[in-house]
Amino acid sequence: MSKQGKVGSRLNYGKKSKYPSSGLGVQRGPLKEMTQSQKCMFSCAAIALIVAVCVAPLTAEITISGFHHQKHKDLKMDEALLTVSNELDIGLVVSWKSERCYQCLYQQLGAVPGAPSPGQLGSVDFVVSTQHEITLQLNSTVNLQLCMVPFHFGEHGNYSLWVKNLNDSSVVNCSVVTDTEPTNSYIPILVAFLIFGGLFLVSAIGRIILRLDVVKSILFRLGGSMETERLINSELGFPGRTVPPLTDNILPPPPRPSKRLRSLDTFRGISLIIMVFVNYGGGRYWFFRHESWNGLTVADLVFPWFVFIMGTSVALSINSLLCVGSSRGSLLRKVVWRSLQLFIIGVIIINPSYCQGALSWDNLRIPGVLQRLAWSYLVVACLDLMVAKGHLDFLTTLPATWWSPFLDILMYWPVWLCMVFLEIIWLYLTFQLHVPGCPTGYLGPGGIGDMGLYANCTGGAAGYIDRWLLGENHIYQNPSSRVSEQNNINIPAVFPWFHYEC
C-alpha cells in the first residue's frame with residue numbers, strides 16, 4: 001500500500017584463576033586450549049564481518065531482482081528513483097540540498113514541464129541520493145518558490161512527488177508517495193556485528209564455565225591421565241627410541257619479559273583494522289567514508305589515531321634505546337633516514353595519478369598521508385632526542401610534593417616550549433594571514449558552502465600557503481569536498497586523510 005507524507009514533513013523511509021598446581025604440570029593444558037578457542041572464535045568473527053560486508057552489494061542486487069518494477073535495475077547503491085508528477089499548467093524547476101551540507105546553496109536537479117492539457121501530467125524521473133535526508137525545493141520557471149519538501153529516501157526505493165492545486169487554485173500542494181518500498185541496506189552489517197557479539201558472549205560464558213570447581217576437577221582428571229602417560233613414555237622411552245647425548249646446557253634460557261605496551265599495540269591493531277576496512281570501501285556505508293567538510297565519521301579518526309600512536313611510540317622507543325647505551329647521534333641518523341624513506345614511499349604510492357593521465361614532473365603530487373607522517377615523525381623525534389632521559393629510576397625516590405603532577409612539564413620544558421611556539425605560529429597564520437578575496441580566518445569549504453559567498457576560499461590560509469609554496473599542480477586534485485560542496489579549488493593541507501579517488 002502506498003504511503004503519503006504531508007507537505008514539508010520529515011519522513012524517514014529506508015536506511016533505518018589458575019588451576020591447582022601439581023607435579024605433573026597439568027594446569028597448562030586447559031589454559032592453552034582456551035587460548036586457542038578464543039583465537040578461533042575471533043578469527044571466525046573477523047571472517048564473518050568481512051563476508052557480511054562484501055555480501056552487502058549482492059544482497060541489494062538480489063532484493064532488487066525480486067521486484068517487478070523495471071526502473072529498479074538502473075539504480076546503484078545509495079540511490080532511489082523519484083518521479084515528479086506535475087498537474088500544474090506551468091513548468092517546474094526541482095532543486096535539492098543535503099542536510100549534511102551546512103548553509104549550502106540549492107543545486108538544480110532538473111526541470112519538469114507543465115501539464116499539456118487538463119487531466120494529463122508533466123512527469124520526469126530523477127535519481128536521488130539516499131545517504132542523508134535532502135530537502136527538495138520546487139520553483140516555477142519565473143523563480144517563484146512553490147513548496148519545500150524535506151525527505152529521507154530509502155535505497156532502491158521508488159517514490160512519486162505529486163504537485164497539484166487544492167481547492168484554492170493559489171495554494172500548491174506537494175506530497176511524496178512511496179510506490180515501492182526501499183531495501184534495508186543495514187542488514188548485512190547488523191548481522192555481522194550480531195555474529196561477532198554472539199561469539200564474544202560465548203567466549204565470556206566459556207571462561208566462566210571453566211572457572212567452576214566441577215569443570216576444573218574434570219579437566220584435571222582428564223589432563224592428569226594424559227600427562228602421566230606422557231611422563232611414563234618420556235622416562236622409559238618408546239620402542240626403538242634413541243636417546244640423544246646429554247649436554248651441559250640442559251635447561252632452556254629463562255624467557256625475557258616483554259616490555260611492550262599492550263594497550264598501545266591493541267590500539268594500533270584496531271586502527272589498522274579500521275583503516276583496511278575503510279580503504280576497501282567500508283561496505284559503501286556513509287559512516288565508513290570521510291566527511292566532505294563538516295561532521296566526523298569513523299574514517300576521519302584513523303589518521304589522527306596513527307599520529308597519536310606514532311608520537312607515543314617515539315617517546316617509548318627513544319627512552320628504551322638510550323637506556324641500553326645507544327648514542328643520540330646514531331638515533332638521530334636513524335630518525336632522519338626513516339623519515340626520508342617514509343616520504344619517498346609516500347610519493348611513490350600516490351603517483352602516478354591515473355585520474356590525470358601519464359605522470360610528469362609538471363603534475364607530480366608532493367603532499368600526502370605518509371609524507372605528513374614522515375614530517376611529523378622527524379620533528380617529534382628530534383625534539384624528544386633533545387630532552388629524553390636515559391634513566392628515570394630517580395623518579396621513584398622523589399617525595400610527593402605539590403608540584404609532582406607537573407613533573408612531566410618540568411622535565412621536558414624545552415619540548416613544551418617548542419610546541420607552544422609552533423602552535424602560536426599556526427594560530428596566527430590561520431586566523432590573521434590575509435588571503436586575497438577571502439575573509440580573514442576563513443575555515444569553510446568554499447564552493448556552494450556558506451551560501452556561495454566564498455567560492456574560491458576553500459581551506460582558507462592553509463590552502464593558500466600550500467598553493468603558493470607547492471604550486472597548483474603538485475597538490476591533491478580530487479578532494480572529497482569537490483563532490484558535495486561543488487568547489488573547484490584544491491585543498492592539500494586541510495584534511496590530508498581524504499581518499500584518493502578518480
# chains A, B, ... in the order shown; residues from 1 in each chain; ligands from 1

$ residues_around --residues "Val387 of chain A" --least-positions-apart "4" --cutoff "9 Å" --atoms "only C-alpha atoms" --output "PDB file with all heavy atoms, in the first residue's frame"
ATOM      1  N   LEU A 383      62.786  16.538  18.651  1.00  0.00           N
ATOM      2  CA  LEU A 383      62.503  17.207  19.917  1.00  0.00           C
ATOM      3  C   LEU A 383      62.679  16.259  21.092  1.00  0.00           C
ATOM      4  O   LEU A 383      63.223  16.646  22.141  1.00  0.00           O
ATOM      5  CB  LEU A 383      61.080  17.777  19.899  1.00  0.00           C
ATOM      6  CG  LEU A 383      60.829  18.978  18.985  1.00  0.00           C
ATOM      7  CD1 LEU A 383      59.353  19.352  18.993  1.00  0.00           C
ATOM      8  CD2 LEU A 383      61.676  20.165  19.419  1.00  0.00           C
ATOM      9  N   MET A 411      60.381  18.435  33.475  1.00  0.00           N
ATOM     10  CA  MET A 411      61.488  17.659  32.920  1.00  0.00           C
ATOM     11  C   MET A 411      61.661  17.899  31.428  1.00  0.00           C
ATOM     12  O   MET A 411      62.781  17.859  30.910  1.00  0.00           O
ATOM     13  CB  MET A 411      61.256  16.171  33.182  1.00  0.00           C
ATOM     14  CG  MET A 411      61.367  15.749  34.638  1.00  0.00           C
ATOM     15  SD  MET A 411      61.061  13.983  34.848  1.00  0.00           S
ATOM     16  CE  MET A 411      62.320  13.288  33.780  1.00  0.00           C
ATOM     17  N   TYR A 412      60.576  18.148  30.730  1.00  0.00           N
ATOM     18  CA  TYR A 412      60.634  18.293  29.276  1.00  0.00           C
ATOM     19  C   TYR A 412      60.183  19.688  28.845  1.00  0.00           C
ATOM     20  O   TYR A 412      59.514  19.856  27.828  1.00  0.00           O
ATOM     21  CB  TYR A 412      59.754  17.233  28.601  1.00  0.00           C
ATOM     22  CG  TYR A 412      60.136  15.817  28.946  1.00  0.00           C
ATOM     23  CD1 TYR A 412      59.427  15.091  29.890  1.00  0.00           C
ATOM     24  CD2 TYR A 412      61.221  15.209  28.328  1.00  0.00           C
ATOM     25  CE1 TYR A 412      59.784  13.790  30.208  1.00  0.00           C
ATOM     26  CE2 TYR A 412      61.584  13.910  28.628  1.00  0.00           C
ATOM     27  CZ  TYR A 412      60.863  13.204  29.575  1.00  0.00           C
ATOM     28  OH  TYR A 412      61.219  11.927  29.882  1.00  0.00           O
ATOM     29  N   TRP A 413      60.557  20.701  29.605  1.00  0.00           N
ATOM     30  CA  TRP A 413      60.095  22.059  29.297  1.00  0.00           C
ATOM     31  C   TRP A 413      60.555  22.564  27.935  1.00  0.00           C
ATOM     32  O   TRP A 413      59.823  23.335  27.289  1.00  0.00           O
ATOM     33  CB  TRP A 413      60.525  23.021  30.402  1.00  0.00           C
ATOM     34  CG  TRP A 413      62.021  23.208  30.523  1.00  0.00           C
ATOM     35  CD1 TRP A 413      62.872  22.529  31.311  1.00  0.00           C
ATOM     36  CD2 TRP A 413      62.803  24.166  29.797  1.00  0.00           C
ATOM     37  NE1 TRP A 413      64.159  22.975  31.138  1.00  0.00           N
ATOM     38  CE2 TRP A 413      64.151  23.986  30.216  1.00  0.00           C
ATOM     39  CE3 TRP A 413      62.523  25.143  28.849  1.00  0.00           C
ATOM     40  CZ2 TRP A 413      65.189  24.746  29.706  1.00  0.00           C
ATOM     41  CZ3 TRP A 413      63.565  25.908  28.340  1.00  0.00           C
ATOM     42  CH2 TRP A 413      64.887  25.711  28.774  1.00  0.00           C
ATOM     43  N   PRO A 414      61.745  22.186  27.406  1.00  0.00           N
ATOM     44  CA  PRO A 414      62.082  22.684  26.060  1.00  0.00           C
ATOM     45  C   PRO A 414      61.113  22.203  24.979  1.00  0.00           C
ATOM     46  O   PRO A 414      60.777  22.948  24.058  1.00  0.00           O
ATOM     47  CB  PRO A 414      63.503  22.144  25.823  1.00  0.00           C
ATOM     48  CG  PRO A 414      64.063  21.896  27.171  1.00  0.00           C
ATOM     49  CD  PRO A 414      62.890  21.437  27.985  1.00  0.00           C
ATOM     50  N   VAL A 415      60.649  20.952  25.108  1.00  0.00           N
ATOM     51  CA  VAL A 415      59.692  20.430  24.119  1.00  0.00           C
ATOM     52  C   VAL A 415      58.374  21.170  24.215  1.00  0.00           C
ATOM     53  O   VAL A 415      57.774  21.558  23.201  1.00  0.00           O
ATOM     54  CB  VAL A 415      59.494  18.914  24.324  1.00  0.00           C
ATOM     55  CG1 VAL A 415      58.415  18.388  23.389  1.00  0.00           C
ATOM     56  CG2 VAL A 415      60.802  18.179  24.084  1.00  0.00           C
TER      57      VAL A 415
END

$ residues_around --residues "segment 320-327 of chain A" --least-positions-apart "4" --cutoff "12 Å" --atoms "only C-alpha atoms" --output "list in words"
Lys259, Arg260, Ser313, Val314, Ala315, Leu316, Leu331, Leu332, Arg333, Lys334, Asp384, Leu385, Met386, Val387, Ala388, Lys389, Gly390, His391, Leu392 and Asp393 of chain A

$ closest_atom_pairs --of "segment 270-358 of chain A" --to "segment 124-146 of chain A" --cutoff "10 Å" --atoms "only C-alpha atoms" --output "tab-separated table"
residue	atom	partner	partner_atom	distance
A:Arg284	CA	A:Gln131	CA	10.0
A:Tyr285	CA	A:Gln131	CA	8.2
A:Trp286	CA	A:Gln131	CA	6.4
A:Phe287	CA	A:Gln131	CA	9.4

$ atom_distance --atom1 "atom CA of Cys104 of chain A" --atom2 "atom CA of Met451 of chain A"
5.1 Å

$ select_by_dssp --residues "segment 87-296 of chain A" --states "strand (DSSP E or B)" --output "PyMOL selection string"
chain A and resi 92-98+107-112+122-129+134-140+145-152+158-165+172-180

$ atom_distance --atom1 "atom CA of Ser271 of chain A" --atom2 "atom CA of Phe306 of chain A"
7.3 Å

$ residues_around --residues "Leu364 of chain A" --least-positions-apart "2" --cutoff "6 Å" --atoms "only C-alpha atoms" --output "VMD selection string"
chain A and resid 361 to 362 474

$ decode --residues "segment 123-160 of chain A" --atoms "N, CA, C and O atoms" --output "PDB file, in the first residue's frame"
ATOM      1  N   SER A 123       5.594  14.708 -16.380  1.00  0.00           N
ATOM      2  CA  SER A 123       6.289  13.774 -15.497  1.00  0.00           C
ATOM      3  C   SER A 123       7.733  13.594 -15.950  1.00  0.00           C
ATOM      4  O   SER A 123       8.004  13.449 -17.156  1.00  0.00           O
ATOM      5  N   VAL A 124       8.653  13.612 -14.971  1.00  0.00           N
ATOM      6  CA  VAL A 124      10.078  13.397 -15.224  1.00  0.00           C
ATOM      7  C   VAL A 124      10.635  12.537 -14.094  1.00  0.00           C
ATOM      8  O   VAL A 124      10.269  12.708 -12.924  1.00  0.00           O
ATOM      9  N   ASP A 125      11.518  11.585 -14.430  1.00  0.00           N
ATOM     10  CA  ASP A 125      12.172  10.723 -13.443  1.00  0.00           C
ATOM     11  C   ASP A 125      13.544  11.283 -13.083  1.00  0.00           C
ATOM     12  O   ASP A 125      14.302  11.718 -13.972  1.00  0.00           O
ATOM     13  N   PHE A 126      13.869  11.244 -11.784  1.00  0.00           N
ATOM     14  CA  PHE A 126      15.170  11.686 -11.291  1.00  0.00           C
ATOM     15  C   PHE A 126      15.743  10.612 -10.373  1.00  0.00           C
ATOM     16  O   PHE A 126      15.007   9.887  -9.703  1.00  0.00           O
ATOM     17  N   VAL A 127      17.063  10.515 -10.339  1.00  0.00           N
ATOM     18  CA  VAL A 127      17.774   9.646  -9.394  1.00  0.00           C
ATOM     19  C   VAL A 127      18.300  10.520  -8.268  1.00  0.00           C
ATOM     20  O   VAL A 127      19.011  11.495  -8.507  1.00  0.00           O
ATOM     21  N   VAL A 128      17.937  10.190  -7.029  1.00  0.00           N
ATOM     22  CA  VAL A 128      18.316  10.990  -5.868  1.00  0.00           C
ATOM     23  C   VAL A 128      19.173  10.149  -4.926  1.00  0.00           C
ATOM     24  O   VAL A 128      19.128   8.916  -4.941  1.00  0.00           O
ATOM     25  N   SER A 129      19.948  10.838  -4.098  1.00  0.00           N
ATOM     26  CA  SER A 129      20.821  10.177  -3.134  1.00  0.00           C
ATOM     27  C   SER A 129      20.025   9.764  -1.899  1.00  0.00           C
ATOM     28  O   SER A 129      19.075  10.442  -1.487  1.00  0.00           O
ATOM     29  N   THR A 130      20.434   8.644  -1.303  1.00  0.00           N
ATOM     30  CA  THR A 130      19.737   8.127  -0.128  1.00  0.00           C
ATOM     31  C   THR A 130      20.611   8.119   1.122  1.00  0.00           C
ATOM     32  O   THR A 130      20.185   7.606   2.160  1.00  0.00           O
ATOM     33  N   GLN A 131      21.825   8.638   1.050  1.00  0.00           N
ATOM     34  CA  GLN A 131      22.713   8.590   2.208  1.00  0.00           C
ATOM     35  C   GLN A 131      22.193   9.431   3.360  1.00  0.00           C
ATOM     36  O   GLN A 131      22.237   9.027   4.518  1.00  0.00           O
ATOM     37  N   HIS A 132      21.699  10.630   3.052  1.00  0.00           N
ATOM     38  CA  HIS A 132      21.229  11.542   4.083  1.00  0.00           C
ATOM     39  C   HIS A 132      19.896  12.146   3.645  1.00  0.00           C
ATOM     40  O   HIS A 132      19.491  12.062   2.489  1.00  0.00           O
ATOM     41  N   GLU A 133      19.232  12.752   4.584  1.00  0.00           N
ATOM     42  CA  GLU A 133      17.990  13.453   4.265  1.00  0.00           C
ATOM     43  C   GLU A 133      18.287  14.644   3.366  1.00  0.00           C
ATOM     44  O   GLU A 133      19.281  15.363   3.553  1.00  0.00           O
ATOM     45  N   ILE A 134      17.430  14.857   2.381  1.00  0.00           N
ATOM     46  CA  ILE A 134      17.581  16.003   1.487  1.00  0.00           C
ATOM     47  C   ILE A 134      16.296  16.821   1.509  1.00  0.00           C
ATOM     48  O   ILE A 134      15.222  16.326   1.882  1.00  0.00           O
ATOM     49  N   THR A 135      16.436  18.059   1.130  1.00  0.00           N
ATOM     50  CA  THR A 135      15.292  18.962   1.021  1.00  0.00           C
ATOM     51  C   THR A 135      15.085  19.314  -0.442  1.00  0.00           C
ATOM     52  O   THR A 135      16.005  19.810  -1.105  1.00  0.00           O
ATOM     53  N   LEU A 136      13.896  19.040  -0.932  1.00  0.00           N
ATOM     54  CA  LEU A 136      13.544  19.361  -2.315  1.00  0.00           C
ATOM     55  C   LEU A 136      12.852  20.711  -2.352  1.00  0.00           C
ATOM     56  O   LEU A 136      11.942  20.981  -1.557  1.00  0.00           O
ATOM     57  N   GLN A 137      13.273  21.541  -3.266  1.00  0.00           N
ATOM     58  CA  GLN A 137      12.669  22.862  -3.466  1.00  0.00           C
ATOM     59  C   GLN A 137      12.100  22.932  -4.871  1.00  0.00           C
ATOM     60  O   GLN A 137      12.794  22.667  -5.850  1.00  0.00           O
ATOM     61  N   LEU A 138      10.833  23.284  -4.965  1.00  0.00           N
ATOM     62  CA  LEU A 138      10.151  23.379  -6.249  1.00  0.00           C
ATOM     63  C   LEU A 138       9.807  24.831  -6.531  1.00  0.00           C
ATOM     64  O   LEU A 138       9.074  25.472  -5.757  1.00  0.00           O
ATOM     65  N   ASN A 139      10.340  25.342  -7.615  1.00  0.00           N
ATOM     66  CA  ASN A 139      10.084  26.709  -8.053  1.00  0.00           C
ATOM     67  C   ASN A 139       9.435  26.695  -9.427  1.00  0.00           C
ATOM     68  O   ASN A 139       9.607  25.744 -10.203  1.00  0.00           O
ATOM     69  N   SER A 140       8.748  27.735  -9.701  1.00  0.00           N
ATOM     70  CA  SER A 140       8.218  27.903 -11.048  1.00  0.00           C
ATOM     71  C   SER A 140       9.325  28.398 -11.963  1.00  0.00           C
ATOM     72  O   SER A 140      10.413  28.764 -11.524  1.00  0.00           O
ATOM     73  N   THR A 141       9.062  28.403 -13.240  1.00  0.00           N
ATOM     74  CA  THR A 141      10.075  28.846 -14.201  1.00  0.00           C
ATOM     75  C   THR A 141      10.380  30.326 -14.068  1.00  0.00           C
ATOM     76  O   THR A 141      11.401  30.793 -14.592  1.00  0.00           O
ATOM     77  N   VAL A 142       9.533  31.072 -13.371  1.00  0.00           N
ATOM     78  CA  VAL A 142       9.804  32.502 -13.132  1.00  0.00           C
ATOM     79  C   VAL A 142      10.422  32.698 -11.755  1.00  0.00           C
ATOM     80  O   VAL A 142      10.368  33.784 -11.190  1.00  0.00           O
ATOM     81  N   ASN A 143      10.997  31.630 -11.188  1.00  0.00           N
ATOM     82  CA  ASN A 143      11.727  31.667  -9.920  1.00  0.00           C
ATOM     83  C   ASN A 143      10.814  32.011  -8.746  1.00  0.00           C
ATOM     84  O   ASN A 143      11.225  32.683  -7.795  1.00  0.00           O
ATOM     85  N   LEU A 144       9.594  31.528  -8.780  1.00  0.00           N
ATOM     86  CA  LEU A 144       8.667  31.687  -7.659  1.00  0.00           C
ATOM     87  C   LEU A 144       8.622  30.380  -6.886  1.00  0.00           C
ATOM     88  O   LEU A 144       8.302  29.336  -7.446  1.00  0.00           O
ATOM     89  N   GLN A 145       8.972  30.446  -5.582  1.00  0.00           N
ATOM     90  CA  GLN A 145       9.007  29.225  -4.772  1.00  0.00           C
ATOM     91  C   GLN A 145       7.597  28.727  -4.514  1.00  0.00           C
ATOM     92  O   GLN A 145       6.735  29.458  -4.022  1.00  0.00           O
ATOM     93  N   LEU A 146       7.358  27.461  -4.828  1.00  0.00           N
ATOM     94  CA  LEU A 146       6.041  26.865  -4.644  1.00  0.00           C
ATOM     95  C   LEU A 146       5.965  26.038  -3.364  1.00  0.00           C
ATOM     96  O   LEU A 146       4.994  26.142  -2.620  1.00  0.00           O
ATOM     97  N   CYS A 147       6.976  25.205  -3.090  1.00  0.00           N
ATOM     98  CA  CYS A 147       6.957  24.388  -1.882  1.00  0.00           C
ATOM     99  C   CYS A 147       8.351  23.831  -1.631  1.00  0.00           C
ATOM    100  O   CYS A 147       9.205  23.805  -2.521  1.00  0.00           O
ATOM    101  N   MET A 148       8.541  23.365  -0.385  1.00  0.00           N
ATOM    102  CA  MET A 148       9.781  22.708   0.021  1.00  0.00           C
ATOM    103  C   MET A 148       9.412  21.428   0.754  1.00  0.00           C
ATOM    104  O   MET A 148       8.535  21.429   1.617  1.00  0.00           O
ATOM    105  N   VAL A 149      10.078  20.326   0.415  1.00  0.00           N
ATOM    106  CA  VAL A 149       9.746  19.027   0.980  1.00  0.00           C
ATOM    107  C   VAL A 149      11.019  18.366   1.504  1.00  0.00           C
ATOM    108  O   VAL A 149      11.857  17.920   0.705  1.00  0.00           O
ATOM    109  N   PRO A 150      11.224  18.301   2.825  1.00  0.00           N
ATOM    110  CA  PRO A 150      12.345  17.504   3.364  1.00  0.00           C
ATOM    111  C   PRO A 150      11.960  16.026   3.407  1.00  0.00           C
ATOM    112  O   PRO A 150      10.860  15.670   3.834  1.00  0.00           O
ATOM    113  N   PHE A 151      12.868  15.160   2.978  1.00  0.00           N
ATOM    114  CA  PHE A 151      12.545  13.742   2.893  1.00  0.00           C
ATOM    115  C   PHE A 151      13.838  12.932   2.915  1.00  0.00           C
ATOM    116  O   PHE A 151      14.854  13.356   2.356  1.00  0.00           O
ATOM    117  N   HIS A 152      13.783  11.753   3.569  1.00  0.00           N
ATOM    118  CA  HIS A 152      14.919  10.831   3.562  1.00  0.00           C
ATOM    119  C   HIS A 152      14.531   9.624   2.720  1.00  0.00           C
ATOM    120  O   HIS A 152      13.772   8.768   3.159  1.00  0.00           O
ATOM    121  N   PHE A 153      15.049   9.560   1.509  1.00  0.00           N
ATOM    122  CA  PHE A 153      14.730   8.477   0.598  1.00  0.00           C
ATOM    123  C   PHE A 153      15.492   7.217   0.999  1.00  0.00           C
ATOM    124  O   PHE A 153      16.601   7.278   1.518  1.00  0.00           O
ATOM    125  N   GLY A 154      14.855   6.065   0.744  1.00  0.00           N
ATOM    126  CA  GLY A 154      15.480   4.783   1.038  1.00  0.00           C
ATOM    127  C   GLY A 154      16.137   4.203  -0.195  1.00  0.00           C
ATOM    128  O   GLY A 154      15.713   4.437  -1.339  1.00  0.00           O
ATOM    129  N   GLU A 155      17.167   3.402   0.038  1.00  0.00           N
ATOM    130  CA  GLU A 155      17.941   2.846  -1.068  1.00  0.00           C
ATOM    131  C   GLU A 155      17.086   1.930  -1.937  1.00  0.00           C
ATOM    132  O   GLU A 155      16.383   1.048  -1.435  1.00  0.00           O
ATOM    133  N   HIS A 156      17.150   2.159  -3.248  1.00  0.00           N
ATOM    134  CA  HIS A 156      16.445   1.375  -4.267  1.00  0.00           C
ATOM    135  C   HIS A 156      14.921   1.471  -4.133  1.00  0.00           C
ATOM    136  O   HIS A 156      14.209   0.582  -4.630  1.00  0.00           O
ATOM    137  N   GLY A 157      14.445   2.503  -3.486  1.00  0.00           N
ATOM    138  CA  GLY A 157      13.008   2.722  -3.413  1.00  0.00           C
ATOM    139  C   GLY A 157      12.514   3.533  -4.594  1.00  0.00           C
ATOM    140  O   GLY A 157      13.273   4.258  -5.245  1.00  0.00           O
ATOM    141  N   ASN A 158      11.220   3.414  -4.885  1.00  0.00           N
ATOM    142  CA  ASN A 158      10.559   4.204  -5.921  1.00  0.00           C
ATOM    143  C   ASN A 158       9.584   5.162  -5.260  1.00  0.00           C
ATOM    144  O   ASN A 158       8.730   4.739  -4.469  1.00  0.00           O
ATOM    145  N   TYR A 159       9.716   6.436  -5.592  1.00  0.00           N
ATOM    146  CA  TYR A 159       8.887   7.461  -4.967  1.00  0.00           C
ATOM    147  C   TYR A 159       8.278   8.352  -6.038  1.00  0.00           C
ATOM    148  O   TYR A 159       8.821   8.497  -7.147  1.00  0.00           O
ATOM    149  N   SER A 160       7.149   8.939  -5.669  1.00  0.00           N
ATOM    150  CA  SER A 160       6.482   9.890  -6.555  1.00  0.00           C
ATOM    151  C   SER A 160       6.228  11.178  -5.794  1.00  0.00           C
ATOM    152  O   SER A 160       5.754  11.144  -4.648  1.00  0.00           O
TER     153      SER A 160
END
